[in-house]
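Quick look at coords-v3.csv (CSV, C-alpha atoms and all ligand atoms):
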```csv
chain,number,residue,atom,x,y,z
A,86,MET,CA,31.1,18.4,-79.0
A,87,LEU,CA,28.2,20.8,-78.4
A,88,PRO,CA,28.1,22.0,-74.8
A,89,VAL,CA,24.9,21.0,-72.9
A,90,PRO,CA,22.8,24.1,-72.4
A,91,LEU,CA,22.0,24.9,-68.8
A,92,PHE,CA,18.7,23.1,-68.0
A,93,HIS,CA,16.7,26.3,-67.8
A,94,LEU,CA,17.8,27.8,-71.1
A,95,PRO,CA,15.6,27.4,-74.3
A,96,LEU,CA,17.1,24.9,-76.7
A,97,PRO,CA,18.5,26.7,-79.7
A,98,PRO,CA,17.3,25.7,-83.2
A,99,PRO,CA,19.4,23.1,-85.1
A,100,ALA,CA,21.2,25.7,-87.4
A,101,ALA,CA,22.2,27.7,-84.3
A,102,GLN,CA,23.5,24.6,-82.6
A,103,ALA,CA,25.6,23.8,-85.7
A,104,ALA,CA,27.1,27.3,-85.7
A,105,SER,CA,27.9,27.0,-82.0
A,106,ALA,CA,29.5,23.6,-82.7
A,107,ALA,CA,31.6,25.2,-85.5
A,108,LEU,CA,32.8,28.0,-83.2
A,109,ALA,CA,33.5,25.4,-80.4
A,110,ALA,CA,35.8,23.6,-83.0
A,111,GLU,CA,37.6,26.9,-83.6
A,112,ILE,CA,38.0,27.5,-79.9
A,113,ASP,CA,39.3,23.9,-79.5
A,114,ALA,CA,41.9,24.6,-82.2
A,115,GLU,CA,43.1,27.7,-80.3
A,116,ILE,CA,43.2,25.9,-77.1
A,117,ALA,CA,45.4,23.2,-78.7
A,118,ALA,CA,47.6,25.8,-80.4
A,119,SER,CA,48.2,27.5,-77.1
A,120,GLY,CA,49.3,24.4,-75.3
A,121,GLY,CA,45.9,23.3,-73.9
A,122,TRP,CA,45.0,26.5,-72.0
A,123,LEU,CA,43.4,29.6,-73.4
A,124,SER,CA,43.1,32.9,-71.6
A,125,PHE,CA,39.4,33.7,-70.7
A,126,ALA,CA,39.9,37.1,-72.4
A,127,ARG,CA,40.7,35.4,-75.7
A,128,TYR,CA,37.9,32.9,-75.2
A,129,MET,CA,35.4,35.8,-74.7
A,130,GLU,CA,36.8,37.6,-77.8
A,131,LEU,CA,36.2,34.4,-79.9
A,132,ALA,CA,32.8,33.8,-78.4
A,133,LEU,CA,31.6,37.3,-79.1
A,134,TYR,CA,33.6,38.4,-82.2
A,135,ALA,CA,35.0,35.4,-84.2
A,136,PRO,CA,34.2,36.3,-87.8
A,137,GLY,CA,30.8,34.9,-88.9
A,138,LEU,CA,30.4,32.8,-85.8
A,139,GLY,CA,30.9,35.0,-82.7
A,140,TYR,CA,27.8,36.3,-80.9
A,141,TYR,CA,28.1,39.8,-82.3
A,142,SER,CA,29.4,38.7,-85.7
A,143,ALA,CA,26.7,36.1,-86.5
A,144,GLY,CA,23.3,36.9,-87.9
A,145,SER,CA,20.9,36.3,-85.0
A,146,THR,CA,18.7,39.1,-83.5
A,147,LYS,CA,20.5,40.1,-80.3
A,148,LEU,CA,18.8,43.3,-79.0
A,149,GLY,CA,15.2,43.9,-78.2
A,150,PRO,CA,12.2,41.7,-77.2
A,151,GLY,CA,13.0,39.1,-79.8
A,152,GLY,CA,16.7,38.9,-78.9
A,153,ASP,CA,18.7,38.2,-75.7
A,154,PHE,CA,18.6,41.5,-73.9
A,155,VAL,CA,17.2,45.0,-74.1
A,156,THR,CA,19.3,48.2,-74.0
A,157,ALA,CA,18.1,51.7,-73.2
A,158,PRO,CA,17.8,52.9,-76.9
A,159,GLU,CA,15.6,49.8,-77.5
A,160,LEU,CA,13.0,51.0,-75.0
A,161,GLY,CA,11.7,53.8,-77.3
A,162,PRO,CA,12.8,57.3,-78.1
A,163,LEU,CA,13.1,58.8,-74.6
A,164,PHE,CA,16.8,57.8,-74.0
A,165,ALA,CA,17.9,59.2,-77.3
A,166,ARG,CA,15.9,62.4,-76.9
A,167,CYS,CA,17.6,63.1,-73.5
A,168,LEU,CA,21.1,62.3,-74.8
A,169,ALA,CA,20.4,64.5,-77.8
A,170,ARG,CA,19.9,67.5,-75.4
A,171,GLN,CA,23.4,66.9,-74.1
A,172,LEU,CA,24.8,66.5,-77.6
A,173,ALA,CA,23.0,69.7,-78.7
A,174,GLN,CA,24.7,71.6,-75.9
A,175,LEU,CA,28.1,70.4,-77.2
A,176,HIS,CA,27.1,71.2,-80.8
A,177,GLU,CA,26.2,74.7,-79.7
A,178,ALA,CA,29.7,74.9,-78.0
A,179,GLY,CA,31.2,74.4,-81.5
A,180,ILE,CA,31.7,70.6,-81.6
A,181,PRO,CA,30.3,69.7,-85.0
A,182,ASP,CA,30.4,65.9,-85.3
A,183,VAL,CA,29.2,62.7,-83.5
A,184,ILE,CA,30.8,59.3,-83.5
A,185,GLU,CA,28.8,56.4,-82.1
A,186,VAL,CA,30.8,53.3,-81.2
A,187,GLY,CA,29.0,49.9,-81.2
A,188,ALA,CA,25.7,51.1,-82.6
A,189,GLY,CA,23.8,47.7,-82.1
A,190,SER,CA,20.5,47.7,-84.0
A,191,GLY,CA,20.9,51.4,-85.0
A,192,ALA,CA,18.1,52.5,-82.6
A,193,LEU,CA,20.2,55.1,-80.8
A,194,ALA,CA,21.6,56.5,-84.1
A,195,ALA,CA,18.0,56.8,-85.5
A,196,GLY,CA,16.7,58.4,-82.3
A,197,LEU,CA,19.6,60.8,-82.0
A,198,LEU,CA,19.4,62.0,-85.6
A,199,LYS,CA,15.6,62.6,-85.3
A,200,ALA,CA,16.0,64.4,-81.9
A,201,LEU,CA,19.0,66.5,-83.0
A,202,ASP,CA,17.1,67.5,-86.2
A,203,ALA,CA,14.1,68.6,-84.1
A,204,LEU,CA,16.4,70.6,-81.9
A,205,GLY,CA,18.0,72.3,-84.9
A,206,ARG,CA,21.4,70.8,-83.9
A,207,LEU,CA,22.2,68.1,-86.6
A,208,PRO,CA,25.8,67.1,-86.6
A,209,GLY,CA,27.9,67.8,-89.7
A,210,ARG,CA,28.8,64.1,-89.7
A,211,TYR,CA,27.4,61.1,-87.8
A,212,MET,CA,30.0,58.5,-87.9
A,213,ILE,CA,29.6,54.9,-86.7
A,214,LEU,CA,32.4,52.6,-85.6
A,215,GLU,CA,31.0,49.0,-85.6
A,216,VAL,CA,33.0,45.9,-85.3
A,217,SER,CA,30.2,43.5,-86.5
A,218,ALA,CA,29.5,43.3,-90.2
A,219,ASP,CA,26.0,41.9,-89.5
A,220,LEU,CA,25.1,44.7,-87.2
A,221,LYS,CA,26.5,47.3,-89.6
A,222,ALA,CA,24.2,46.0,-92.3
A,223,ARG,CA,21.2,46.1,-89.9
A,224,GLN,CA,22.2,49.7,-88.9
A,225,GLN,CA,22.4,50.7,-92.6
A,226,ALA,CA,19.0,49.2,-93.4
A,227,ARG,CA,17.3,50.8,-90.3
A,228,LEU,CA,18.7,54.3,-90.9
A,229,SER,CA,17.8,54.2,-94.6
A,230,ALA,CA,14.2,53.3,-93.6
A,231,GLU,CA,13.7,55.5,-90.5
A,232,VAL,CA,15.7,58.7,-91.3
A,233,PRO,CA,16.0,58.6,-95.2
A,234,SER,CA,16.6,62.3,-95.4
A,235,LEU,CA,19.4,62.3,-92.9
A,236,VAL,CA,21.2,59.1,-93.8
A,237,GLU,CA,23.7,60.9,-96.2
A,238,ARG,CA,25.4,62.4,-93.1
A,239,VAL,CA,26.0,59.0,-91.7
A,240,SER,CA,29.2,57.1,-92.5
A,241,TRP,CA,30.6,53.8,-91.2
A,242,LEU,CA,34.3,54.0,-90.3
A,243,ASP,CA,36.9,51.2,-90.8
A,244,THR,CA,39.5,53.1,-88.8
A,245,MET,CA,39.3,56.0,-86.4
A,246,PRO,CA,40.0,59.5,-88.1
A,247,ARG,CA,42.5,61.7,-86.3
A,248,ASP,CA,42.2,65.3,-85.0
A,249,LEU,CA,38.5,64.9,-84.4
A,250,GLU,CA,36.2,67.6,-83.1
A,251,ALA,CA,33.5,65.4,-82.1
A,252,VAL,CA,31.4,63.8,-79.3
A,253,LEU,CA,31.9,60.1,-79.1
A,254,VAL,CA,29.0,58.1,-77.6
A,255,ALA,CA,29.2,54.5,-76.6
A,256,ASN,CA,26.2,52.9,-74.9
A,257,GLU,CA,26.7,49.4,-73.5
A,258,VAL,CA,30.0,48.9,-75.4
A,259,LEU,CA,32.6,48.8,-72.7
A,260,ASP,CA,30.8,45.9,-71.0
A,261,ALA,CA,31.1,43.9,-74.3
A,262,ILE,CA,34.9,44.3,-74.5
A,263,PRO,CA,36.7,41.0,-73.6
A,264,ALA,CA,38.0,41.1,-70.0
A,265,HIS,CA,40.5,39.0,-68.1
A,266,VAL,CA,39.2,37.0,-65.1
A,267,ILE,CA,41.6,36.9,-62.1
A,268,ARG,CA,41.6,35.6,-58.6
A,269,ALA,CA,43.7,36.2,-55.5
A,270,ARG,CA,44.7,32.8,-54.1
A,271,GLY,CA,47.6,31.6,-51.9
A,272,GLY,CA,49.1,35.1,-51.6
A,273,GLY,CA,49.4,35.5,-55.4
A,274,ILE,CA,47.3,36.4,-58.5
A,275,GLU,CA,46.0,33.7,-60.9
A,276,GLU,CA,44.4,34.2,-64.3
A,277,MET,CA,41.4,32.2,-65.3
A,278,GLY,CA,41.5,30.4,-68.6
A,279,VAL,CA,39.6,27.6,-70.3
A,280,ILE,CA,40.6,24.0,-71.1
A,281,ARG,CA,38.8,21.1,-72.6
A,282,ALA,CA,38.1,18.6,-69.9
A,283,PRO,CA,38.4,14.8,-70.5
A,284,ASP,CA,34.6,14.6,-70.6
A,285,GLY,CA,34.5,17.1,-73.5
A,286,ALA,CA,33.3,20.1,-71.5
A,287,LEU,CA,34.9,23.5,-71.5
A,288,VAL,CA,36.0,24.2,-68.0
A,289,ARG,CA,37.8,26.9,-66.0
A,290,ALA,CA,41.5,26.4,-65.2
A,291,TYR,CA,43.8,28.9,-63.4
A,292,ARG,CA,47.5,29.8,-64.0
A,293,PRO,CA,49.7,32.4,-62.3
A,294,ALA,CA,49.1,35.8,-63.8
A,295,ALA,CA,52.1,37.6,-65.5
A,296,GLY,CA,53.1,40.8,-67.2
A,297,PRO,CA,50.8,43.8,-67.4
A,298,LEU,CA,47.8,41.8,-66.1
A,299,LEU,CA,49.7,40.8,-62.9
A,300,ARG,CA,50.9,44.4,-62.4
A,301,ALA,CA,47.3,45.8,-62.8
A,302,ALA,CA,45.9,43.1,-60.5
A,303,LEU,CA,48.5,43.7,-57.8
A,304,ALA,CA,47.5,47.4,-57.8
A,305,LEU,CA,44.0,46.4,-56.8
A,306,ASP,CA,45.2,44.9,-53.5
A,307,LEU,CA,42.5,42.2,-53.6
A,308,PRO,CA,41.6,40.1,-50.5
A,309,GLU,CA,42.5,36.4,-50.5
A,310,ASP,CA,40.0,34.0,-52.2
A,311,TYR,CA,38.6,36.7,-54.4
A,312,GLU,CA,37.6,36.3,-58.1
A,313,THR,CA,36.9,39.3,-60.3
A,314,GLU,CA,37.6,40.8,-63.7
A,315,LEU,CA,40.1,43.3,-65.0
A,316,ASN,CA,39.6,44.9,-68.5
A,317,LEU,CA,43.0,45.9,-70.0
A,318,THR,CA,41.5,46.1,-73.5
A,319,ALA,CA,38.7,48.5,-72.4
A,320,ARG,CA,41.4,50.8,-70.8
A,321,ALA,CA,43.4,50.7,-74.1
A,322,PHE,CA,40.1,51.3,-76.0
A,323,VAL,CA,39.4,54.5,-74.0
A,324,LYS,CA,43.0,55.7,-74.5
A,325,SER,CA,42.9,55.1,-78.2
A,326,PHE,CA,39.7,57.2,-78.5
A,327,ALA,CA,41.1,59.9,-76.2
A,328,ARG,CA,44.2,60.3,-78.5
A,329,VAL,CA,42.2,61.0,-81.7
A,330,VAL,CA,40.0,63.7,-80.1
A,331,LYS,CA,41.5,67.1,-80.6
A,332,ARG,CA,38.5,68.8,-79.1
A,333,GLY,CA,35.3,67.2,-77.8
A,334,ALA,CA,33.9,64.7,-75.4
A,335,LEU,CA,33.7,60.9,-74.9
A,336,ILE,CA,30.4,59.8,-73.3
A,337,PHE,CA,30.3,56.2,-72.0
A,338,ILE,CA,27.0,54.8,-70.6
A,339,ASP,CA,27.1,51.4,-69.1
A,340,TYR,CA,26.5,49.3,-66.0
A,341,GLY,CA,29.3,49.4,-63.5
A,342,PHE,CA,30.8,51.0,-60.5
A,343,PRO,CA,33.9,53.0,-59.3
A,344,ALA,CA,36.8,50.7,-58.4
A,345,VAL,CA,36.1,51.0,-54.7
A,346,GLU,CA,32.7,49.4,-55.2
A,347,TYR,CA,33.7,47.1,-58.1
A,348,TYR,CA,36.5,45.5,-56.0
A,349,HIS,CA,34.6,45.6,-52.7
A,350,PRO,CA,35.5,42.7,-50.5
A,351,GLN,CA,31.9,41.5,-50.6
A,352,ARG,CA,31.8,41.2,-54.4
A,353,ALA,CA,34.1,38.2,-54.2
A,354,GLY,CA,32.7,36.4,-57.2
A,355,GLY,CA,33.0,39.2,-59.8
A,356,THR,CA,30.5,40.5,-62.3
A,357,LEU,CA,30.6,38.1,-65.3
A,358,MET,CA,27.2,37.6,-66.7
A,359,CYS,CA,25.7,35.8,-69.8
A,360,HIS,CA,22.4,36.5,-71.5
A,361,TYR,CA,20.5,34.1,-73.7
A,362,ARG,CA,16.9,34.8,-74.7
A,363,HIS,CA,16.3,37.1,-71.7
A,364,HIS,CA,17.7,34.4,-69.3
A,365,ALA,CA,20.7,35.7,-67.3
A,366,HIS,CA,23.2,33.3,-65.8
A,367,ASP,CA,27.0,33.0,-65.1
A,368,ASP,CA,28.3,30.2,-67.2
A,369,PRO,CA,30.3,31.6,-70.2
A,370,PHE,CA,31.0,28.1,-71.6
A,371,VAL,CA,27.5,27.1,-72.7
A,372,LEU,CA,26.3,27.9,-76.2
A,373,PRO,CA,29.5,29.7,-77.4
A,374,GLY,CA,28.5,32.2,-80.0
A,375,LEU,CA,24.8,32.1,-79.1
A,376,GLN,CA,24.8,34.0,-75.8
A,377,ASP,CA,26.1,37.4,-74.8
A,378,ILE,CA,29.0,37.5,-72.3
A,379,THR,CA,29.5,40.7,-70.4
A,380,THR,CA,31.3,42.2,-67.4
A,381,HIS,CA,30.5,45.3,-65.5
A,382,VAL,CA,32.6,48.4,-66.1
A,383,ASP,CA,35.2,49.7,-63.6
A,384,PHE,CA,34.6,53.4,-64.2
A,385,THR,CA,37.6,54.5,-62.2
A,386,ALA,CA,39.8,52.6,-64.6
A,387,MET,CA,38.0,54.1,-67.6
A,388,ALA,CA,38.4,57.7,-66.2
A,389,THR,CA,42.1,57.0,-65.3
A,390,ALA,CA,42.7,55.8,-68.9
A,391,GLY,CA,41.2,59.0,-70.2
A,392,VAL,CA,43.1,61.2,-67.8
A,393,ASP,CA,46.4,59.3,-68.7
A,394,ALA,CA,45.7,60.2,-72.3
A,395,GLY,CA,45.3,63.9,-71.5
A,396,LEU,CA,41.5,64.2,-71.1
A,397,GLY,CA,39.7,65.7,-68.2
A,398,VAL,CA,36.7,64.2,-66.4
A,399,LEU,CA,33.6,66.3,-67.4
A,400,GLY,CA,31.2,64.4,-65.3
A,401,TYR,CA,30.2,61.0,-63.8
A,402,THR,CA,26.8,60.2,-62.4
A,403,THR,CA,24.0,57.6,-62.5
A,404,GLN,CA,21.9,57.2,-65.6
A,405,ALA,CA,18.8,58.3,-63.7
A,406,GLN,CA,20.5,61.6,-62.6
A,407,PHE,CA,21.9,62.2,-66.0
A,408,LEU,CA,18.5,61.7,-67.7
A,409,VAL,CA,16.7,63.9,-65.1
A,410,ASN,CA,19.4,66.6,-65.6
A,411,ALA,CA,18.9,66.3,-69.4
A,412,GLY,CA,15.2,66.9,-69.0
A,413,ILE,CA,13.4,63.5,-69.1
A,414,THR,CA,10.5,64.9,-67.1
A,415,ASP,CA,10.0,67.9,-69.5
A,416,ILE,CA,10.0,65.5,-72.4
A,417,LEU,CA,7.4,63.3,-70.7
A,418,ALA,CA,5.3,66.3,-69.9
A,419,GLU,CA,5.0,67.2,-73.6
A,420,THR,CA,2.7,64.2,-73.9
A,421,PRO,CA,-0.6,64.6,-71.9
A,422,ALA,CA,-1.1,61.8,-69.4
A,423,ALA,CA,-4.8,61.7,-70.5
A,424,ASP,CA,-3.6,60.5,-73.9
A,425,VAL,CA,-3.1,57.0,-72.5
A,426,ARG,CA,-2.0,55.3,-75.7
A,427,ALA,CA,0.8,57.7,-76.3
A,428,TYR,CA,1.7,58.3,-72.6
A,429,ALA,CA,1.7,54.8,-71.2
A,430,PRO,CA,4.7,53.4,-73.2
A,431,LEU,CA,6.7,56.6,-72.5
A,432,ALA,CA,6.0,56.4,-68.8
A,433,GLY,CA,6.9,52.7,-68.8
A,434,ALA,CA,10.2,53.4,-70.6
A,435,ALA,CA,11.0,56.2,-68.2
A,436,GLN,CA,10.3,54.0,-65.2
A,437,LYS,CA,12.8,51.4,-66.6
A,438,LEU,CA,15.4,54.0,-67.4
A,439,ILE,CA,15.4,55.8,-64.1
A,440,SER,CA,14.0,53.4,-61.4
A,441,PRO,CA,16.8,52.4,-59.0
A,442,ALA,CA,15.5,48.9,-59.2
A,443,GLU,CA,16.0,48.8,-63.0
A,444,MET,CA,18.6,50.7,-64.9
A,445,GLY,CA,18.6,54.0,-63.0
A,446,GLU,CA,21.3,53.3,-60.4
A,447,LEU,CA,23.4,50.5,-61.8
A,448,PHE,CA,23.9,52.3,-65.1
A,449,LYS,CA,26.3,55.2,-65.0
A,450,VAL,CA,27.3,58.0,-67.4
A,451,LEU,CA,31.0,59.0,-67.6
A,452,ALA,CA,32.0,62.0,-69.8
A,453,LEU,CA,35.6,62.7,-70.5
A,454,GLY,CA,36.8,65.6,-72.6
A,455,ARG,CA,39.4,67.9,-74.1
A,456,GLY,CA,38.9,71.6,-74.8
A,457,VAL,CA,35.4,71.7,-73.4
A,458,ASP,CA,34.9,74.6,-71.0
A,459,GLU,CA,31.1,74.4,-70.6
A,460,ALA,CA,29.7,72.6,-67.6
A,461,LEU,CA,27.7,69.7,-69.1
A,462,ILE,CA,23.9,69.9,-68.5
A,463,GLY,CA,23.8,66.1,-67.9
A,464,PHE,CA,25.9,66.5,-64.7
A,465,ALA,CA,24.4,69.8,-63.4
A,466,ARG,CA,23.1,68.0,-60.3
A,467,GLY,CA,24.3,64.9,-58.5
A,468,ASP,CA,27.7,64.7,-60.1
A,469,ARG,CA,29.7,61.8,-58.5
A,470,THR,CA,33.1,62.5,-60.0
A,471,HIS,CA,34.5,62.6,-56.5
A,472,ARG,CA,33.6,58.9,-56.0
A,473,LEU,CA,35.7,57.7,-59.0
A,501,LIG,C1,25.7,45.4,-76.1
A,501,LIG,S1,25.8,46.0,-77.7
A,501,LIG,C2,25.1,47.6,-77.5
A,501,LIG,C3,24.5,48.2,-78.8
A,501,LIG,C4,24.0,49.6,-78.7
A,501,LIG,N1,25.0,50.6,-78.4
A,501,LIG,C5,22.8,49.7,-77.7
A,501,LIG,O1,22.9,50.3,-76.7
A,501,LIG,O2,21.7,49.1,-78.0
A,501,LIG,C6,27.5,46.2,-78.0
A,501,LIG,C7,27.8,46.8,-79.4
A,501,LIG,O3,29.2,47.2,-79.4
A,501,LIG,C8,29.8,46.6,-80.6
A,501,LIG,N2,31.2,46.5,-80.4
A,501,LIG,C9,31.9,45.7,-79.5
A,501,LIG,N3,33.2,45.9,-79.5
A,501,LIG,C10,33.4,46.9,-80.4
A,501,LIG,C11,34.6,47.5,-80.9
A,501,LIG,N4,35.8,47.2,-80.5
A,501,LIG,N5,34.4,48.5,-81.8
A,501,LIG,C12,33.2,48.9,-82.3
A,501,LIG,N6,32.1,48.3,-81.9
A,501,LIG,C13,32.2,47.3,-81.0
A,501,LIG,C14,29.0,45.4,-80.8
A,501,LIG,O4,29.1,44.8,-82.1
A,501,LIG,C15,27.6,45.9,-80.5
A,501,LIG,O5,27.1,46.7,-81.6
```

Give the structure from the file, written as structure tokens.
Ligand SMILES: C[S@@+](CC[C@H](N)C(=O)[O-])C[C@H]1O[C@@H](n2cnc3c(N)ncnc32)[C@H](O)[C@@H]1O
Amino acid sequence: MLPVPLFHLPLPPPAAQAASAALAAEIDAEIAASGGWLSFARYMELALYAPGLGYYSAGSTKLGPGGDFVTAPELGPLFARCLARQLAQLHEAGIPDVIEVGAGSGALAAGLLKALDALGRLPGRYMILEVSADLKARQQARLSAEVPSLVERVSWLDTMPRDLEAVLVANEVLDAIPAHVIRARGGGIEEMGVIRAPDGALVRAYRPAAGPLLRAALALDLPEDYETELNLTARAFVKSFARVVKRGALIFIDYGFPAVEYYHPQRAGGTLMCHYRHHAHDDPFVLPGLQDITTHVDFTAMATAGVDAGLGVLGYTTQAQFLVNAGITDILAETPAADVRAYAPLAGAAQKLISPAEMGELFKVLALGRGVDEALIGFARGDRTHRL
């Protein structure tokens, strides 16, 4: 049965409703096969990545004004131009290649390639690791149209190469990795899962947590009656990238906090969020496959995963500070304010990227690295590594 959309969400077109119903049937089959209860992390994985039907695997427009949410690269060229300056510094330091993980619409890849070309710092190879076949096709079409002379350096990876000398960039990817939901209750830790209720709705159901999830949750020392998320897969993801980089950096940009803020006693309801057609809400069980489901990133856990795999922390700061350090104001100043048609969109994007009320404070940049001796320009001022 199709879940009833929250009353304030736009009704999806019939074909989308049918696709959502097909995914709901797959989810029902998994719930049945796993004894009537499915871990939320597995539900999130199916809702986002089930082949052909999951949110990121199916063919709808996800990013930008016509989609469900807007990311920094979708706001125009500014974000990519700033990040390119950081990549150019690493290129100059002898790190030849770039790998982008989760390239979405291809906006960041196109912007980075153009900006690195202009800086005379094109990477030898620009590799993309993308889990969604639909997004991969969109990226290929966009890059062929926007940067035809550079597209031959771009390749799409099926597996991660080893012994890389590269900078890995992942913008808003860690928040899309399926997370476990846990709660501290009755002196113990429970894991949230999903069951099919007698009235046909998908609803939350809790079980005692076990194994690695329980061990990781106990380490957080959560207060009683506290619900939150814990992302074991994102930790493993960072470790797996760390292991294949012989020399280079991993740059993660996303919304989130260090553990001390993430698991602050006042954040007792967690950070789980859903996005559908620019409406944000917290019910992950409506419209499976049609809405994005995300959790904020615990940057302490990501840094620890990197350090455990032998990397050092090269820097951690807010997106605003990183972009200012990378020269966003110089880039803006290249366009005369009197040229309103050119300047107004740039100024509007800059405001969204750096304003504390928009993306500037909530979004953070974490750089991990191996064999990089240079102090990275993006963290020259306002580095917050000590807060991790
Ligand atoms: C929220 S979108 C961000 C897209 C883009 N980076 C941007 O900033 O606009 C998340 C992206 O990560 C991809 N993704 C999620 N998990 C992934 C994984 N395990 N490996 C590679 N890509 C993944 C999704 O398919 C999607 O392209």

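The list of residues with at least one atom within 6 Å of stretch 107-123 of chain A, based on only C-alpha atoms and without residues fewer than 3 positions apart in the same chain, reads A:Ala104, A:Leu138, A:Gly278, A:Val279, A:Ile280.
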
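With all atoms listed in the file taken into account, the protein and nucleic acid residues at most 10 Å from A:Ala390 (excluding it and anything under 5 positions from it in its own chain) are Leu317, Ala319, Arg320, Ala321, Phe322, Val323, Lys324, Ser325, Ala327, Phe384, Thr385, Gly395 and Leu396 of chain A.
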
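Comparing A:Leu431, A:Ala301, A:Ala218, A:Ala286 by their smallest distance to ligand LIG 501 (chain A), the closest is A:Ala218 (using only C-alpha atoms and all ligand atoms).
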
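As for atom CA of A:Glu459 and atom CA of A:Leu249, they are spaced 18.3 Å apart.
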
Can you tell me which residues surround A:Leu307 at a distance of at most 10 Å, considering all atoms listed in the file, apart from same-chain residues fewer than 5 positions away, and format the answer as JSON, numbers by chain?
{"A": [268, 269, 270, 272, 273, 274, 302, 312, 313, 348, 349, 350, 353]}

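The space between atom CA of A:Pro98 and atom CA of A:Asp368 spans 19.9 Å.
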
Write as a ChimeraX atom specification the residues around ligand LIG 501 (chain A), taking 9 Å as the cut-off and counting only C-alpha atoms and all ligand atoms.
/A:133-134,140-142,147-149,154-159,185-194,213-221,254-263,319,322,338-339,377,379

Considering all atoms listed in the file, return as an NGL selection string whatever protein or nucleic-acid residues lie within 7 Å of A:Ala452, sequence-local ones (same chain, fewer than 2 positions apart) excluded.
:A and (334-337 or 398-401 or 450 or 454)

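Counting only C-alpha atoms, the residue from A:Ala394, A:Pro283, A:Leu172, A:Gly456 that sits nearest to A:Glu250 is A:Gly456.
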
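When only C-alpha atoms are used to compute distances to A:Gly205, the closest of the residues A:Thr318, A:Ser234, A:Ser229, A:Gln174 turns out to be A:Gln174.
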
Selection near stretch 405-417 of chain A, 10 Å with all atoms listed in the file, sequence-local residues under 2 positions removed, as a VMD selection string
chain A and resid 163 to 171 400 to 403 419 to 422 428 431 to 432 435 to 441 443 to 451 461 to 468

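The coordinates place atom CA of A:Val329 at 26.0 Å from atom CA of A:Ala344.
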
Which residue out of A:Thr470, A:Thr244, A:Asn316, A:Ser124 has the minimum interatomic distance to A:Arg292 when all atoms listed in the file are used?
A:Ser124

A:Ala434, A:Ala423, A:Phe342, A:Gly144 ranked by distance to A:Arg469, top pick (using all atoms listed in the file):
A:Phe342

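Proximity ranking of A:Ala230, A:Met129, A:Val266, A:Met212 relative to A:Leu242 places A:Met212 first, based on only C-alpha atoms.
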